[in-house]
Amino acid sequence: MNNYKLLPALGSLLTTLNLTDSARALNVTQSSMSKTLSQIREAFQDPILIREGNQYLLTERAKSLKQQLPLLLRQIDSLYLSAQFDPLQCQRQFSLALTPFFAPEILPLLCEKLEEQTPNANISCVLWQEEQLKELAAQEIDLVAVMAEEIPENLYGKEIGQDHYVIVCRDQHPFRHRSISVEDYLNAKHILVNGISERHRQVDLATSSYSKERRVFAKLPSFQSALETLCRTDSIITAPRHLVEQYAKQRALCIKPLPFELPAHKYYLLWHAKHHHDPAHQWFRTFLEPEFKAHLEKR
């Protein structure tokens with residue numbers, strides 16, 4: 001097996017042609033340097049240095065090594081240097097997955113700002129549906145913006161906000177002008193959004209002491225389709241306040257409090273440990289964090 005630890009000493013000897021000077025440069029004793037030279041000769045099956053009176057001469061093999069070695073040593077040294085990231089030169093694709101309960105208006109804003117800061121990069125955004133966070137290691141996803149109760153091992157994360165759930169219905173709904181009881185809530189027509197099973201379970205747990213389950217009217221693939229259905233029917237959606245308030249500005253919607261307590265839920269940006277030390281990834285999550293925080297705080 002090749003001993004690459006000999007290469008720095010070889011490089012010094014080829015430059016100085018002197019054991020004493022090389023020993024001093026490498027901060028070792030002359031006897032240690034002499035032993036190293038013996039190991040170099042054995043490794044390369046060549047004398048490398050030929051003593052001629054008071055000086056050393058290079059063998060033909062040593063002359064060839066003297067030409068090749070400086071570049072090789074610089075390349076080896078570069079392996080230990082921290083990679084530098086320049087947003088203006090970046091040409092990679094960043095990937096982001098979001099739960100359906102993030103207001104979609106954040107995506108055009110992210111794309112606009114990403115283009116300003118990394119004009120040669122691109123971004124792929126997908127909905128985070130029923131995937132488990134434990135499976136993130138197998139996904140080609142840089143960051144996931146999700147609601148999370150527990151963060152699995154090998155995932156890193158930053159909390160980007162908190163929110164509460166509310167009821168939303170169209171302005172003509174019978175709930176519009178009165179308070180809602182738990183019985184009213186369970187008897188109502190509910191629209192569920194696929195990929196939000198964690199929240200569905202929390203609602204079901206909070207109402208489990210009652211004799212009936214809530215009435216599910218429709219399960220739809222996105223919040224956008226759920227909202228369009230809401231505006232056409234006497235149904236309700238249980239959704240995060242930040243999301244509902246974004247849509248309420250554009251449509252005639254009514255927002256009502258839940259008739260039972262649900263704990264505040266936290267939003268996170270999560271990523272797998274395999275990305276943690278990547279300079280480009282570090283920049284991307286630093287770029288996203290304040291954008292998501294501002295978006296969640298927006299009312």
# chains A, B, ... in the order shown; residues from 1 in each chain; ligands from 1

$ residues_around --residues "A:Ala239" --least-positions-apart "5" --cutoff "8 Å" --atoms "only C-alpha atoms" --output "number ranges by chain"
A: 101, 165-168, 244

$ write_last_selection --atoms "N, CA, C and O atoms" --output "short mmCIF file (atom, residue, chain, number, x, y, z; two decimals), in the first residue's frame"
data_model
loop_
_atom_site.label_atom_id
_atom_site.label_comp_id
_atom_site.auth_asym_id
_atom_site.auth_seq_id
_atom_site.Cartn_x
_atom_site.Cartn_y
_atom_site.Cartn_z
N PHE A 101 -50.21 23.26 3.52
CA PHE A 101 -50.76 24.33 4.34
C PHE A 101 -49.82 25.53 4.48
O PHE A 101 -49.91 26.29 5.43
N TYR A 165 -54.87 26.62 14.59
CA TYR A 165 -55.88 26.25 13.62
C TYR A 165 -57.19 26.97 13.90
O TYR A 165 -57.55 27.22 15.05
N VAL A 166 -57.89 27.29 12.80
CA VAL A 166 -59.19 27.95 12.87
C VAL A 166 -60.13 27.24 11.90
O VAL A 166 -59.70 26.41 11.10
N ILE A 167 -61.39 27.60 11.98
CA ILE A 167 -62.40 27.11 11.04
C ILE A 167 -62.62 28.19 9.99
O ILE A 167 -62.72 29.37 10.30
N VAL A 168 -62.71 27.77 8.74
CA VAL A 168 -63.03 28.71 7.67
C VAL A 168 -64.21 28.16 6.88
O VAL A 168 -64.30 26.96 6.62
N VAL A 244 -55.34 30.82 6.06
CA VAL A 244 -56.72 31.25 5.88
C VAL A 244 -56.79 32.76 5.68
O VAL A 244 -57.52 33.27 4.81
#

$ select_by_dssp --residues "stretch 46-128 of chain A" --states "strand (DSSP E)" --output "list in words"
Leu49, Ile50, Arg51, Glu52, Gln55, Tyr56, Leu57, Leu58, Gln93, Phe94, Ser95, Leu96, Ala97, Leu98, Asn122, Ile123, Ser124, Cys125, Val126 and Leu127 of chain A

$ atom_distance --atom1 "atom CA of A:Arg170" --atom2 "atom CA of A:Ile236"
7.9 Å

$ closest_residue --among "A:Ser235, A:Gln224, A:Thr207, A:Asn27" --to "A:Phe175" --atoms "only C-alpha atoms"
A:Ser235

$ residues_around --residues "stretch 140-148 of chain A" --least-positions-apart "5" --cutoff "7 Å" --atoms "only C-alpha atoms" --output "list of chain:residue names"
A:Phe94, A:Ser95, A:Leu96, A:Ala97, A:Leu98, A:Thr99, A:His265, A:Lys266, A:Tyr267, A:Tyr268, A:Leu269, A:Leu270, A:Trp271

$ select_by_dssp --residues "stretch 60-158 of chain A" --states "helix (DSSP H, G or I)" --output "ChimeraX atom specification"
/A:60-78,106-117,133-138

$ residues_around --residues "stretch 5-19 of chain A" --least-positions-apart "3" --cutoff "9 Å" --atoms "only C-alpha atoms" --output "ChimeraX atom specification"
/A:2,22-26,30-31,33-34,36-37,39-40,43,48-49,55-58,62-63,65-66,69-70,73

$ residues_around --residues "stretch 247-251 of chain A" --least-positions-apart "4" --cutoff "10 Å" --atoms "only C-alpha atoms" --output "PyMOL selection string"
chain A and resi 103+105+168-171+224+227+231+242-243+255+299

$ write_last_selection --atoms "N, CA, C and O atoms" --output "compact mmCIF listing (two decimals), in the first residue's frame"
# COMPACT_ATOMS: atom_id res chain seq x y z
N ALA A 103 -49.17 29.01 2.45
CA ALA A 103 -49.79 29.80 1.40
C ALA A 103 -48.91 29.79 0.15
O ALA A 103 -47.73 30.10 0.23
N GLU A 105 -48.53 31.70 -2.24
CA GLU A 105 -47.99 32.98 -2.72
C GLU A 105 -46.53 33.18 -2.33
O GLU A 105 -45.84 34.03 -2.91
N VAL A 168 -62.71 27.77 8.74
CA VAL A 168 -63.03 28.71 7.67
C VAL A 168 -64.21 28.16 6.88
O VAL A 168 -64.30 26.96 6.62
N CYS A 169 -65.12 29.05 6.53
CA CYS A 169 -66.28 28.68 5.71
C CYS A 169 -66.62 29.87 4.81
O CYS A 169 -66.10 30.97 4.99
N ARG A 170 -67.49 29.66 3.87
CA ARG A 170 -67.88 30.79 3.01
C ARG A 170 -68.78 31.74 3.79
O ARG A 170 -69.38 31.38 4.81
N ASP A 171 -68.86 32.94 3.31
CA ASP A 171 -69.57 34.00 4.04
C ASP A 171 -71.06 33.73 4.17
O ASP A 171 -71.72 34.26 5.06
N GLN A 224 -55.83 24.61 -2.56
CA GLN A 224 -56.48 25.43 -3.57
C GLN A 224 -57.81 24.80 -4.01
O GLN A 224 -58.84 25.47 -4.06
N LEU A 227 -60.32 24.98 -1.19
CA LEU A 227 -60.88 26.31 -1.02
C LEU A 227 -61.94 26.62 -2.07
O LEU A 227 -62.98 27.22 -1.77
N CYS A 231 -65.98 27.47 -1.29
CA CYS A 231 -66.72 28.65 -1.74
C CYS A 231 -68.02 28.30 -2.46
O CYS A 231 -68.87 29.17 -2.68
N HIS A 242 -52.62 31.52 9.43
CA HIS A 242 -51.86 32.34 8.48
C HIS A 242 -52.30 32.08 7.05
O HIS A 242 -52.38 32.99 6.23
N LEU A 243 -52.63 30.83 6.76
CA LEU A 243 -53.05 30.48 5.41
C LEU A 243 -54.44 31.00 5.11
O LEU A 243 -54.70 31.58 4.05
N ILE A 255 -63.99 33.43 9.19
CA ILE A 255 -63.03 32.71 10.04
C ILE A 255 -63.61 32.62 11.45
O ILE A 255 -63.98 33.63 12.05
N ARG A 299 -49.87 39.17 8.33
CA ARG A 299 -51.32 39.08 8.56
C ARG A 299 -52.06 40.06 7.66
O ARG A 299 -51.58 41.14 7.43

$ atom_distance --atom1 "atom CA of A:Arg214" --atom2 "atom CA of A:Ala252"
24.7 Å

$ atom_distance --atom1 "atom CA of A:Pro259" --atom2 "atom CA of A:Val193"
20.5 Å

$ residues_around --residues "stretch 115-122 of chain A" --least-positions-apart "5" --cutoff "12 Å" --atoms "only C-alpha atoms" --output "JSON, numbers by chain"
{"A": [85, 86, 87, 88, 89, 90, 91, 92, 93, 94, 95, 96, 108, 109, 110, 280, 283, 284, 287, 288]}

$ closest_residue --among "A:Ala83, A:Arg61, A:Tyr156, A:Ser208" --to "A:Arg41" --atoms "only C-alpha atoms"
A:Arg61

$ residues_around --residues "A:Glu291" --least-positions-apart "5" --cutoff "10 Å" --atoms "only C-alpha atoms" --output "JSON, numbers by chain"
{"A": [106, 109, 110, 113, 160, 286, 296]}

$ closest_residue --among "A:Gln84, A:Ser179, A:Asn3, A:Gln162" --to "A:Phe44" --atoms "only C-alpha atoms"
A:Asn3

$ closest_residue --among "A:Gln172, A:Asp204, A:Arg178, A:Leu220" --to "A:Ile191" --atoms "only C-alpha atoms"
A:Leu220
